[in-house]
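The next block is target.txt, given as compact mmCIF, C-alpha atoms and all ligand atoms.
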```
# COMPACT_ATOMS: atom_id res chain seq x y z
CA MET A 1181 -72.71 26.56 -72.02
CA THR A 1182 -69.97 29.04 -71.19
CA ALA A 1183 -66.93 27.77 -69.37
CA THR A 1184 -65.75 28.93 -65.97
CA ILE A 1185 -62.65 31.05 -66.48
CA LEU A 1186 -59.63 29.79 -64.58
CA ASP A 1187 -58.32 33.19 -63.59
CA GLY A 1188 -54.54 32.91 -63.27
CA ARG A 1189 -54.18 36.64 -62.76
CA ALA A 1190 -56.44 36.65 -59.69
CA LEU A 1191 -54.82 33.50 -58.35
CA ALA A 1192 -51.35 35.01 -58.82
CA LYS A 1193 -52.48 38.07 -56.82
CA THR A 1194 -53.62 35.86 -53.94
CA MET A 1195 -50.40 33.87 -54.07
CA ARG A 1196 -48.22 37.01 -54.17
CA ALA A 1197 -49.73 38.02 -50.84
CA GLU A 1198 -49.00 34.53 -49.46
CA ILE A 1199 -45.40 34.71 -50.71
CA ASN A 1200 -44.91 38.18 -49.15
CA GLU A 1201 -45.74 36.64 -45.82
CA GLU A 1202 -43.60 33.54 -46.32
CA VAL A 1203 -40.59 35.63 -47.40
CA ALA A 1204 -40.97 37.98 -44.44
CA LYS A 1205 -41.11 35.02 -42.01
CA PHE A 1206 -38.13 33.37 -43.69
CA LYS A 1207 -36.02 36.53 -43.47
CA GLU A 1208 -36.95 37.06 -39.85
CA LYS A 1209 -36.08 33.47 -38.91
CA TYR A 1210 -32.81 33.10 -40.84
CA GLY A 1211 -31.66 36.67 -41.59
CA VAL A 1212 -31.19 35.62 -45.22
CA THR A 1213 -32.77 37.13 -48.34
CA PRO A 1214 -33.80 34.48 -50.90
CA THR A 1215 -31.95 35.37 -54.09
CA ILE A 1216 -32.12 34.29 -57.70
CA ALA A 1217 -29.37 34.81 -60.27
CA VAL A 1218 -30.60 35.13 -63.85
CA VAL A 1219 -28.01 34.37 -66.52
CA ARG A 1220 -28.37 35.58 -70.07
CA ALA A 1221 -26.01 35.74 -73.03
CA GLY A 1222 -27.03 38.27 -75.66
CA GLU A 1223 -29.98 40.65 -75.92
CA ASP A 1224 -32.89 38.53 -77.18
CA PRO A 1225 -35.82 40.99 -76.66
CA ALA A 1226 -38.18 38.42 -75.09
CA SER A 1227 -35.43 37.33 -72.65
CA VAL A 1228 -34.60 40.95 -71.76
CA SER A 1229 -38.25 41.66 -71.00
CA TYR A 1230 -38.72 38.39 -69.04
CA ALA A 1231 -35.62 39.11 -66.93
CA GLY A 1232 -37.00 42.58 -66.15
CA GLN A 1233 -40.29 41.05 -65.05
CA ILE A 1234 -38.54 38.52 -62.82
CA GLN A 1235 -36.45 41.24 -61.20
CA LYS A 1236 -39.49 43.44 -60.54
CA THR A 1237 -41.67 40.68 -59.08
CA PHE A 1238 -38.88 39.26 -56.90
CA GLU A 1239 -37.92 42.65 -55.49
CA LYS A 1240 -41.55 43.51 -54.73
CA ARG A 1241 -41.75 40.36 -52.57
CA GLY A 1242 -38.56 41.28 -50.67
CA MET A 1243 -36.42 38.76 -52.56
CA ASN A 1244 -33.30 39.61 -54.58
CA CYS A 1245 -32.67 39.09 -58.26
CA VAL A 1246 -29.15 39.47 -59.64
CA LEU A 1247 -28.82 39.70 -63.42
CA HIS A 1248 -25.69 38.40 -65.14
CA VAL A 1249 -25.55 39.41 -68.78
CA LEU A 1250 -22.80 38.04 -71.01
CA PRO A 1251 -22.27 39.21 -74.57
CA GLU A 1252 -23.78 37.32 -77.53
CA THR A 1253 -20.20 36.28 -78.34
CA ALA A 1254 -19.73 34.51 -74.97
CA SER A 1255 -18.28 31.01 -75.27
CA GLU A 1256 -19.76 27.88 -73.70
CA ASP A 1257 -16.80 27.84 -71.33
CA GLU A 1258 -17.44 31.38 -70.13
CA ILE A 1259 -21.11 30.62 -69.45
CA VAL A 1260 -20.24 27.39 -67.63
CA GLN A 1261 -17.62 29.22 -65.54
CA LEU A 1262 -20.17 31.85 -64.54
CA VAL A 1263 -22.63 29.11 -63.54
CA ALA A 1264 -19.91 27.39 -61.48
CA LYS A 1265 -19.17 30.68 -59.71
CA LEU A 1266 -22.86 31.14 -58.88
CA ASN A 1267 -23.10 27.52 -57.68
CA ALA A 1268 -20.34 28.26 -55.19
CA ASP A 1269 -21.78 31.62 -54.04
CA ALA A 1270 -23.69 31.07 -50.77
CA SER A 1271 -25.68 34.30 -51.26
CA ILE A 1272 -27.33 32.86 -54.41
CA HIS A 1273 -30.08 30.28 -53.79
CA GLY A 1274 -31.54 29.80 -57.26
CA ILE A 1275 -30.12 30.13 -60.77
CA MET A 1276 -32.06 30.48 -63.99
CA ILE A 1277 -30.41 30.25 -67.40
CA GLN A 1278 -32.37 32.21 -69.99
CA GLU A 1279 -32.93 30.70 -73.40
CA PRO A 1280 -32.23 31.01 -76.23
CA LEU A 1281 -28.47 30.79 -75.66
CA PRO A 1282 -26.29 32.07 -78.54
CA LYS A 1283 -25.80 29.81 -81.56
CA GLY A 1284 -23.18 27.12 -81.08
CA ILE A 1285 -23.71 26.84 -77.31
CA ASP A 1286 -24.88 23.41 -76.18
CA GLU A 1287 -27.78 24.08 -73.81
CA GLY A 1288 -27.39 20.59 -72.35
CA VAL A 1289 -23.83 21.36 -71.24
CA VAL A 1290 -24.86 24.64 -69.60
CA LYS A 1291 -27.84 23.07 -67.80
CA ALA A 1292 -25.69 20.18 -66.60
CA ALA A 1293 -23.30 22.73 -65.05
CA LEU A 1294 -26.04 23.97 -62.70
CA SER A 1295 -26.10 22.72 -59.14
CA PRO A 1296 -29.34 20.69 -58.92
CA ASP A 1297 -29.91 22.35 -55.52
CA LYS A 1298 -30.00 25.80 -57.16
CA ASP A 1299 -31.83 24.78 -60.33
CA ALA A 1300 -34.74 27.22 -59.90
CA ASP A 1301 -36.59 26.13 -63.05
CA GLY A 1302 -36.12 22.36 -62.73
CA VAL A 1303 -34.11 21.93 -65.94
CA HIS A 1304 -31.19 19.88 -64.59
CA GLU A 1305 -31.37 16.18 -65.40
CA VAL A 1306 -31.28 15.27 -61.69
CA ASN A 1307 -34.47 17.27 -61.09
CA ALA A 1308 -36.11 16.04 -64.30
CA GLY A 1309 -35.09 12.47 -63.45
CA ARG A 1310 -36.50 12.66 -59.94
CA LEU A 1311 -39.78 14.01 -61.27
CA ALA A 1312 -39.87 11.09 -63.72
CA GLN A 1313 -39.21 8.59 -60.90
CA VAL A 1314 -41.27 10.06 -58.08
CA ALA A 1315 -44.05 7.82 -56.78
CA PRO A 1316 -47.74 8.71 -57.26
CA VAL A 1317 -49.24 10.84 -54.47
CA GLY A 1318 -50.10 8.79 -51.43
CA ARG A 1319 -47.19 6.38 -51.88
CA PRO A 1320 -43.67 6.80 -50.43
CA GLU A 1321 -41.80 9.16 -52.76
CA GLY A 1322 -38.65 7.09 -53.17
CA VAL A 1323 -36.56 9.98 -54.56
CA GLY A 1324 -34.72 12.95 -53.10
CA PRO A 1325 -36.07 16.52 -53.16
CA PHE A 1326 -36.40 18.12 -56.58
CA PHE A 1327 -37.60 21.21 -58.41
CA VAL A 1328 -40.35 21.27 -61.04
CA PRO A 1329 -40.28 23.71 -64.00
CA ALA A 1330 -42.31 26.78 -63.06
CA THR A 1331 -44.74 26.80 -66.00
CA PRO A 1332 -46.25 23.31 -65.57
CA ALA A 1333 -46.09 23.77 -61.78
CA GLY A 1334 -48.29 26.84 -62.31
CA GLY A 1335 -50.75 24.85 -64.44
CA MET A 1336 -51.02 22.25 -61.67
CA GLU A 1337 -51.51 24.95 -59.05
CA ILE A 1338 -54.45 26.35 -61.05
CA LEU A 1339 -56.03 22.87 -61.19
CA ARG A 1340 -55.45 22.35 -57.48
CA ARG A 1341 -56.77 25.73 -56.33
CA TYR A 1342 -59.89 25.41 -58.48
CA GLY A 1343 -60.51 21.97 -56.98
CA VAL A 1344 -60.30 20.03 -60.24
CA GLU A 1345 -60.42 16.29 -59.53
CA LEU A 1346 -57.58 14.51 -61.35
CA GLU A 1347 -57.61 10.95 -60.07
CA GLY A 1348 -58.79 8.52 -62.73
CA LYS A 1349 -59.45 11.33 -65.24
CA HIS A 1350 -58.10 11.18 -68.76
CA ALA A 1351 -55.62 14.02 -69.28
CA VAL A 1352 -54.39 14.79 -72.78
CA VAL A 1353 -51.22 16.89 -73.05
CA VAL A 1354 -50.31 18.33 -76.45
CA GLY A 1355 -46.56 19.11 -76.59
CA ARG A 1356 -43.65 17.16 -75.12
CA SER A 1357 -40.94 19.74 -74.41
CA ASN A 1358 -38.80 19.24 -71.31
CA ILE A 1359 -39.90 22.60 -69.92
CA VAL A 1360 -43.70 22.39 -70.33
CA GLY A 1361 -45.42 19.36 -71.92
CA LYS A 1362 -43.39 16.48 -70.52
CA PRO A 1363 -43.25 17.68 -66.89
CA MET A 1364 -46.97 18.57 -67.06
CA ALA A 1365 -47.77 15.00 -68.16
CA LEU A 1366 -45.62 13.57 -65.35
CA LEU A 1367 -47.25 15.84 -62.75
CA LEU A 1368 -50.73 14.81 -63.90
CA MET A 1369 -49.76 11.14 -63.78
CA ARG A 1370 -48.35 11.65 -60.30
CA GLU A 1371 -51.82 12.86 -59.30
CA ASN A 1372 -53.26 9.59 -60.69
CA ALA A 1373 -54.67 10.93 -63.95
CA THR A 1374 -54.44 8.64 -66.98
CA VAL A 1375 -52.24 10.60 -69.35
CA THR A 1376 -51.91 10.69 -73.13
CA MET A 1377 -49.03 12.75 -74.54
CA CYS A 1378 -49.32 14.16 -78.05
CA HIS A 1379 -46.75 15.77 -80.34
CA SER A 1380 -46.16 16.70 -83.96
CA ARG A 1381 -46.30 13.05 -85.11
CA THR A 1382 -49.57 12.21 -83.35
CA ARG A 1383 -52.19 10.91 -85.78
CA ASP A 1384 -55.68 12.42 -85.71
CA LEU A 1385 -54.80 14.86 -82.96
CA ALA A 1386 -58.35 16.27 -82.86
CA ALA A 1387 -59.80 12.83 -82.00
CA VAL A 1388 -57.21 12.29 -79.25
CA CYS A 1389 -57.87 15.75 -77.78
CA ARG A 1390 -61.61 15.03 -77.72
CA GLN A 1391 -60.96 12.19 -75.26
CA GLY A 1392 -59.48 14.50 -72.66
CA ASP A 1393 -61.35 15.28 -69.46
CA ILE A 1394 -58.37 17.59 -68.94
CA LEU A 1395 -56.75 19.06 -72.05
CA CYS A 1396 -53.40 20.84 -71.79
CA ALA A 1397 -51.89 22.68 -74.73
CA ALA A 1398 -48.16 23.47 -74.90
CA VAL A 1399 -47.50 23.70 -78.62
CA GLY A 1400 -46.69 27.26 -79.67
CA ARG A 1401 -49.26 27.47 -82.52
CA GLY A 1402 -51.93 30.14 -82.17
CA LYS A 1403 -55.52 28.87 -81.96
CA MET A 1404 -54.55 25.43 -83.25
CA ILE A 1405 -56.96 23.64 -80.91
CA LYS A 1406 -60.50 24.30 -82.07
CA GLY A 1407 -63.78 24.15 -80.15
CA ASP A 1408 -64.79 20.84 -81.73
CA TRP A 1409 -61.51 19.24 -80.54
CA ILE A 1410 -62.71 19.62 -76.96
CA LYS A 1411 -64.81 17.16 -74.99
CA PRO A 1412 -67.90 18.96 -73.66
CA GLY A 1413 -67.26 20.00 -70.06
CA ALA A 1414 -63.48 19.39 -70.23
CA VAL A 1415 -60.98 21.46 -68.25
CA VAL A 1416 -58.63 23.26 -70.64
CA ILE A 1417 -55.20 24.54 -69.60
CA ASP A 1418 -53.57 26.63 -72.32
CA PHE A 1419 -49.84 27.31 -71.96
CA GLY A 1420 -49.47 28.79 -75.44
CA VAL A 1421 -47.97 32.24 -75.88
CA ASN A 1422 -48.36 33.35 -79.50
CA PHE A 1423 -49.10 36.62 -81.25
CA ASP A 1424 -51.61 37.25 -84.05
CA GLU A 1425 -51.07 39.62 -87.00
CA GLU A 1426 -52.23 42.59 -84.89
CA GLY A 1427 -49.74 41.72 -82.18
CA ASN A 1428 -52.34 40.44 -79.71
CA MET A 1429 -51.27 37.62 -77.43
CA ILE A 1430 -53.20 34.42 -78.17
CA GLY A 1431 -53.03 30.87 -76.84
CA ASP A 1432 -52.73 27.51 -78.56
CA VAL A 1433 -56.48 27.05 -78.02
CA ASP A 1434 -59.12 28.98 -79.95
CA PHE A 1435 -60.54 30.57 -76.81
CA GLU A 1436 -63.75 31.99 -78.29
CA GLU A 1437 -64.77 28.58 -79.64
CA ALA A 1438 -63.43 26.57 -76.72
CA LYS A 1439 -65.20 28.52 -73.98
CA GLU A 1440 -68.55 27.43 -75.46
CA VAL A 1441 -67.64 23.74 -75.09
CA ALA A 1442 -65.25 23.46 -72.13
CA GLY A 1443 -66.31 23.34 -68.49
CA MET A 1444 -63.32 25.40 -67.33
CA ILE A 1445 -60.62 27.18 -69.30
CA THR A 1446 -57.55 29.37 -68.78
CA PRO A 1447 -57.61 32.53 -70.90
CA VAL A 1448 -54.54 33.88 -72.72
CA PRO A 1449 -53.40 36.30 -71.47
CA GLY A 1450 -54.31 35.98 -67.80
CA GLY A 1451 -54.26 32.20 -67.34
CA THR A 1452 -51.08 30.16 -67.00
CA GLY A 1453 -48.74 33.09 -67.77
CA PRO A 1454 -49.06 35.01 -64.48
CA MET A 1455 -48.53 31.78 -62.54
CA THR A 1456 -45.05 31.10 -63.94
CA ASN A 1457 -43.29 33.85 -61.98
CA ILE A 1458 -45.17 32.86 -58.85
CA MET A 1459 -43.96 29.27 -59.05
CA LEU A 1460 -40.41 30.45 -59.80
CA MET A 1461 -40.50 32.53 -56.62
CA LYS A 1462 -41.79 29.53 -54.66
CA ASN A 1463 -38.95 27.40 -56.05
CA VAL A 1464 -36.32 29.98 -55.04
CA LEU A 1465 -37.79 30.34 -51.57
CA GLU A 1466 -37.78 26.55 -51.20
CA ALA A 1467 -34.19 26.36 -52.51
CA ALA A 1468 -33.13 28.98 -49.95
CA ARG A 1469 -34.91 27.04 -47.19
CA ARG A 1470 -33.19 23.78 -48.14
CA GLN A 1471 -29.80 25.53 -48.27
CA VAL A 1472 -30.03 27.33 -44.93
CA GLU A 1473 -31.49 24.29 -43.15
CA LYS A 1474 -28.79 21.94 -44.47
P1 LIG A 1501 -41.50 23.66 -77.89
O1 LIG A 1501 -41.42 24.27 -79.25
O2 LIG A 1501 -40.26 23.27 -77.18
O3 LIG A 1501 -42.44 22.35 -77.98
C1 LIG A 1501 -43.60 22.36 -78.74
C2 LIG A 1501 -44.23 20.99 -78.70
O4 LIG A 1501 -45.40 21.04 -79.51
C3 LIG A 1501 -43.33 19.89 -79.27
O5 LIG A 1501 -43.42 18.75 -78.45
C4 LIG A 1501 -43.92 19.64 -80.65
O6 LIG A 1501 -43.83 18.29 -81.09
C5 LIG A 1501 -45.38 19.96 -80.44
N1 LIG A 1501 -46.01 20.37 -81.69
C6 LIG A 1501 -45.59 21.29 -82.59
N2 LIG A 1501 -46.44 21.36 -83.62
C7 LIG A 1501 -47.41 20.47 -83.37
C8 LIG A 1501 -48.58 20.08 -84.10
N3 LIG A 1501 -48.91 20.63 -85.25
N4 LIG A 1501 -49.34 19.11 -83.56
C9 LIG A 1501 -49.03 18.54 -82.37
N5 LIG A 1501 -47.94 18.89 -81.64
C10 LIG A 1501 -47.15 19.84 -82.16
O7 LIG A 1501 -42.37 24.69 -77.02
P2 LIG A 1501 -42.46 24.89 -75.43
O8 LIG A 1501 -42.92 23.65 -74.78
O9 LIG A 1501 -41.26 25.58 -74.92
O10 LIG A 1501 -43.64 25.95 -75.38
C11 LIG A 1501 -44.95 25.61 -75.76
C12 LIG A 1501 -45.81 26.84 -75.67
O11 LIG A 1501 -45.86 27.27 -74.33
C13 LIG A 1501 -45.28 28.02 -76.47
O12 LIG A 1501 -46.37 28.78 -76.97
C14 LIG A 1501 -44.54 28.84 -75.45
O13 LIG A 1501 -44.46 30.21 -75.78
C15 LIG A 1501 -45.41 28.62 -74.25
N6 LIG A 1501 -44.75 28.80 -72.98
C16 LIG A 1501 -45.49 29.39 -72.03
C17 LIG A 1501 -44.97 29.66 -70.80
C18 LIG A 1501 -45.89 30.26 -69.79
O14 LIG A 1501 -45.44 30.83 -68.82
N7 LIG A 1501 -47.22 30.13 -69.95
C19 LIG A 1501 -43.57 29.35 -70.49
C20 LIG A 1501 -42.91 28.56 -71.48
C21 LIG A 1501 -43.49 28.36 -72.71
P3 LIG A 1501 -42.42 17.54 -81.38
O15 LIG A 1501 -41.88 17.19 -80.03
O16 LIG A 1501 -42.82 16.35 -82.16
O17 LIG A 1501 -41.59 18.52 -82.12
```
Please go through the file and, once you have read it, give me the structure as C-alpha cells.
Amino acid sequence: MTATILDGRALAKTMRAEINEEVAKFKEKYGVTPTIAVVRAGEDPASVSYAGQIQKTFEKRGMNCVLHVLPETASEDEIVQLVAKLNADASIHGIMIQEPLPKGIDEGVVKAALSPDKDADGVHEVNAGRLAQVAPVGRPEGVGPFFVPATPAGGMEILRRYGVELEGKHAVVVGRSNIVGKPMALLLMRENATVTMCHSRTRDLAAVCRQGDILCAAVGRGKMIKGDWIKPGAVVIDFGVNFDEEGNMIGDVDFEEAKEVAGMITPVPGGTGPMTNIMLMKNVLEAARRQVEK
C-alpha cells in the first residue's frame, strides 16, 4: 500500500488565492492594509531567511510586513520597548518575535510584553491559556477570542481540507513544545480526538506511536519515526525540519518507509512547511479585522 500524499504545497497555493481575495475585500471595506511587524535581534541565518519569506509572501497578497532588526547586543529592555511601541502603533495588526533571541534574553519576558490582540503566532500566555481552556467543538466556547500558533494550525488545516475524521480517533503527538506539539495536541482534543502526548521521557515510544490513528511528529530528529512505528493506514503529519549530511531537508518521519504503511502522509518538504506562512497570514488578517471592528 502506498499512502496518499497530503500535499501542503498544493493546498497552500489554493489558500493563497483565497487570501488574495479576502485581503482585497478587507482593504476595500476598511481602507486598511493588514500589517505584520517582525522583530529580530541578531542575524541568525535561519531567522533572516524566514523573515525574507514572510515579507515576500505577505507583500504578494497585498499585506504589509515591516521588519525591525535590533543588534545581537540588544538588551531585554530594548526589545521590550520596541514591542511596546508596536503594540501602541495602530498601523501594526500583528507582531511576530523571531527566535532564537540573543543569549541572556528571557523569551518569556519578551512574549509577555506582546499585546495578546497582536500576537500573530499565538505565543502569549493569554492566547495559549485560552486554547487550553476552550471547549470542544460543538459546545459553547467559554473563552475570549485567541490566536493559535501557525504551524499546528497549518497541520489541522491539512487534516480538515483532506476530510480526515478526528472524532473518537486516537491521535499520538510526539513533541510537547509550546509552539508545535502542545498546541497540536490541544487542537486535536478540541476536535474530539483522544490524544496521547509523547516526549523525550516517554517509554517505548515506538509502541505508543503504533497506537495512533493520527500520528503527529514535532521532534526535530531526522527520520526518527520508522515505518514499523506506524499503525497501518494511519494519517501521518510530519512537522520536522531537519537536514541530512548532504543538506537535504528531511522530516522527523522516515518518509520512504512510512509511505508504505500509512494511509495518508505529509512529505517533507512540501507538507506542513508551506502551510505555516498561510496560517500566519490568516492570523494577521483576523487580527486586523478584530482591531478595525472594535
Ligand atoms: P523543540 O525542540 O522545542 O521540541 C522538541 C520536542 O521533541 C520536545 O518536546 C522533546 O521532548 C521532544 N523530543 C526530543 N527528542 C525526543 C526523543 N528522542 N523522543 C521523543 N521525544 C523527543 O522543537 P519544536 O517543537 O520547536 O520543533 C519540532 C520540529 O518542528 C523541529 O524539527 C522544527 O524544525 C520543526 N518546526 C517546523 C515548523 C514548520 O513550519 N513545519 C515550524 C516550527 C518548527 P522534551 O519536552 O522532553 O524535551
- Message: Show me the residues around (-39.7, 16.8, -74.8) - criterion: an atom at most 12 Å away, only C-alpha atoms counted - as a VMD selection string.
- Response: chain A and resid 1303 1308 1353 to 1366 1377 to 1380 1398 to 1399
Would you put the residues from that selection into a file with C-alpha atoms, as a PDB file, keeping the file's coordinate frame?
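Saved result, out_25.pdb, follows:
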```pdb
ATOM      1  CA  VAL A1303     -34.110  21.930 -65.940  1.00  0.00           C
ATOM      2  CA  ALA A1308     -36.110  16.040 -64.300  1.00  0.00           C
ATOM      3  CA  VAL A1353     -51.220  16.890 -73.050  1.00  0.00           C
ATOM      4  CA  VAL A1354     -50.310  18.330 -76.450  1.00  0.00           C
ATOM      5  CA  GLY A1355     -46.560  19.110 -76.590  1.00  0.00           C
ATOM      6  CA  ARG A1356     -43.650  17.160 -75.120  1.00  0.00           C
ATOM      7  CA  SER A1357     -40.940  19.740 -74.410  1.00  0.00           C
ATOM      8  CA  ASN A1358     -38.800  19.240 -71.310  1.00  0.00           C
ATOM      9  CA  ILE A1359     -39.900  22.600 -69.920  1.00  0.00           C
ATOM     10  CA  VAL A1360     -43.700  22.390 -70.330  1.00  0.00           C
ATOM     11  CA  GLY A1361     -45.420  19.360 -71.920  1.00  0.00           C
ATOM     12  CA  LYS A1362     -43.390  16.480 -70.520  1.00  0.00           C
ATOM     13  CA  PRO A1363     -43.250  17.680 -66.890  1.00  0.00           C
ATOM     14  CA  MET A1364     -46.970  18.570 -67.060  1.00  0.00           C
ATOM     15  CA  ALA A1365     -47.770  15.000 -68.160  1.00  0.00           C
ATOM     16  CA  LEU A1366     -45.620  13.570 -65.350  1.00  0.00           C
ATOM     17  CA  MET A1377     -49.030  12.750 -74.540  1.00  0.00           C
ATOM     18  CA  CYS A1378     -49.320  14.160 -78.050  1.00  0.00           C
ATOM     19  CA  HIS A1379     -46.750  15.770 -80.340  1.00  0.00           C
ATOM     20  CA  SER A1380     -46.160  16.700 -83.960  1.00  0.00           C
ATOM     21  CA  ALA A1398     -48.160  23.470 -74.900  1.00  0.00           C
ATOM     22  CA  VAL A1399     -47.500  23.700 -78.620  1.00  0.00           C
TER      23      VAL A1399
END
```
- Please measure the separation of atom CA of Val1314 of chain A and atom CA of Leu1346 of chain A, giving the value in Å to one decimal. 17.2 Å
- Which of A:Ala1254, A:Ala1268, A:Met1444, A:Leu1262 sits closest to Leu1281 of chain A [using all atoms listed in the file]: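 Of A:Ala1254, A:Ala1268, A:Met1444, A:Leu1262, the one nearest Leu1281 of chain A, counting all atoms listed in the file, is A:Ala1254.
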- Computed interatomic separation between atom O1 of ligand LIG 1501 (chain A) and atom CA of Arg1310 of chain A (Å):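 Value for the atom O1 of ligand LIG 1501 (chain A)-atom CA of Arg1310 of chain A distance: 23.1 Å.
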Size and centre in Å, one decimal, axis-aligned box, all listed ligand LIG 1501 (chain A) atoms plus 5 Å per side, as JSON:
```
{"center_x": -44.8, "center_y": 23.6, "center_z": -77.0, "size_x": 19.1, "size_y": 24.5, "size_z": 26.4}
```
- Query: Can you list, as an MDAnalysis selection string, every protein, DNA or RNA residue that comes within 9 Å of Pro1251 of chain A when you count only C-alpha atoms, leaving out same-chain residues fewer than 6 positions away?
  - Reply: chainID A and resid 1220:1223
- Message: Could you list, as a ChimeraX atom specification, every residue within 9 Å of Val1218 of chain A, counting all atoms listed in the file and ignoring same-chain residues fewer than 5 positions away?
- Response: /A:1231,1234-1235,1245-1249,1274-1278
- Message: Using all atoms listed in the file, can you tell me which of A:Asp1286, A:Asp1301, A:Arg1370, A:Ala1192 comes closest to Pro1320 of chain A?
- Response: A:Arg1370
How about completing segment 1233-1244 of chain A with N, CA, C and O atoms and giving it to me as a short mmCIF file (atom, residue, chain, number, x, y, z; two decimals), in the coordinates of the input?
```cif
data_model
loop_
_atom_site.label_atom_id
_atom_site.label_comp_id
_atom_site.auth_asym_id
_atom_site.auth_seq_id
_atom_site.Cartn_x
_atom_site.Cartn_y
_atom_site.Cartn_z
N GLN A 1233 -39.09 41.45 -65.81
CA GLN A 1233 -40.29 41.05 -65.05
C GLN A 1233 -39.91 40.27 -63.79
O GLN A 1233 -40.46 40.48 -62.72
N ILE A 1234 -38.97 39.34 -63.97
CA ILE A 1234 -38.54 38.52 -62.82
C ILE A 1234 -37.98 39.43 -61.74
O ILE A 1234 -38.35 39.35 -60.57
N GLN A 1235 -37.09 40.36 -62.16
CA GLN A 1235 -36.45 41.24 -61.20
C GLN A 1235 -37.51 42.04 -60.43
O GLN A 1235 -37.47 42.12 -59.19
N LYS A 1236 -38.46 42.60 -61.18
CA LYS A 1236 -39.49 43.44 -60.54
C LYS A 1236 -40.32 42.62 -59.54
O LYS A 1236 -40.51 43.03 -58.40
N THR A 1237 -40.78 41.44 -59.97
CA THR A 1237 -41.67 40.68 -59.08
C THR A 1237 -40.90 40.16 -57.86
O THR A 1237 -41.45 40.13 -56.75
N PHE A 1238 -39.66 39.75 -58.04
CA PHE A 1238 -38.88 39.26 -56.90
C PHE A 1238 -38.66 40.39 -55.90
O PHE A 1238 -38.85 40.21 -54.69
N GLU A 1239 -38.25 41.55 -56.41
CA GLU A 1239 -37.92 42.65 -55.49
C GLU A 1239 -39.15 43.13 -54.74
O GLU A 1239 -39.07 43.48 -53.56
N LYS A 1240 -40.31 43.10 -55.41
CA LYS A 1240 -41.55 43.51 -54.73
C LYS A 1240 -41.89 42.58 -53.57
O LYS A 1240 -42.61 42.97 -52.65
N ARG A 1241 -41.45 41.33 -53.64
CA ARG A 1241 -41.75 40.36 -52.57
C ARG A 1241 -40.67 40.37 -51.49
O ARG A 1241 -40.69 39.56 -50.60
N GLY A 1242 -39.65 41.24 -51.66
CA GLY A 1242 -38.56 41.28 -50.67
C GLY A 1242 -37.48 40.26 -50.95
O GLY A 1242 -36.65 39.95 -50.08
N MET A 1243 -37.49 39.69 -52.18
CA MET A 1243 -36.42 38.76 -52.56
C MET A 1243 -35.45 39.52 -53.49
O MET A 1243 -35.80 40.57 -54.01
N ASN A 1244 -34.26 38.97 -53.68
CA ASN A 1244 -33.30 39.61 -54.58
C ASN A 1244 -33.22 38.89 -55.92
O ASN A 1244 -33.39 37.66 -55.98
#
```
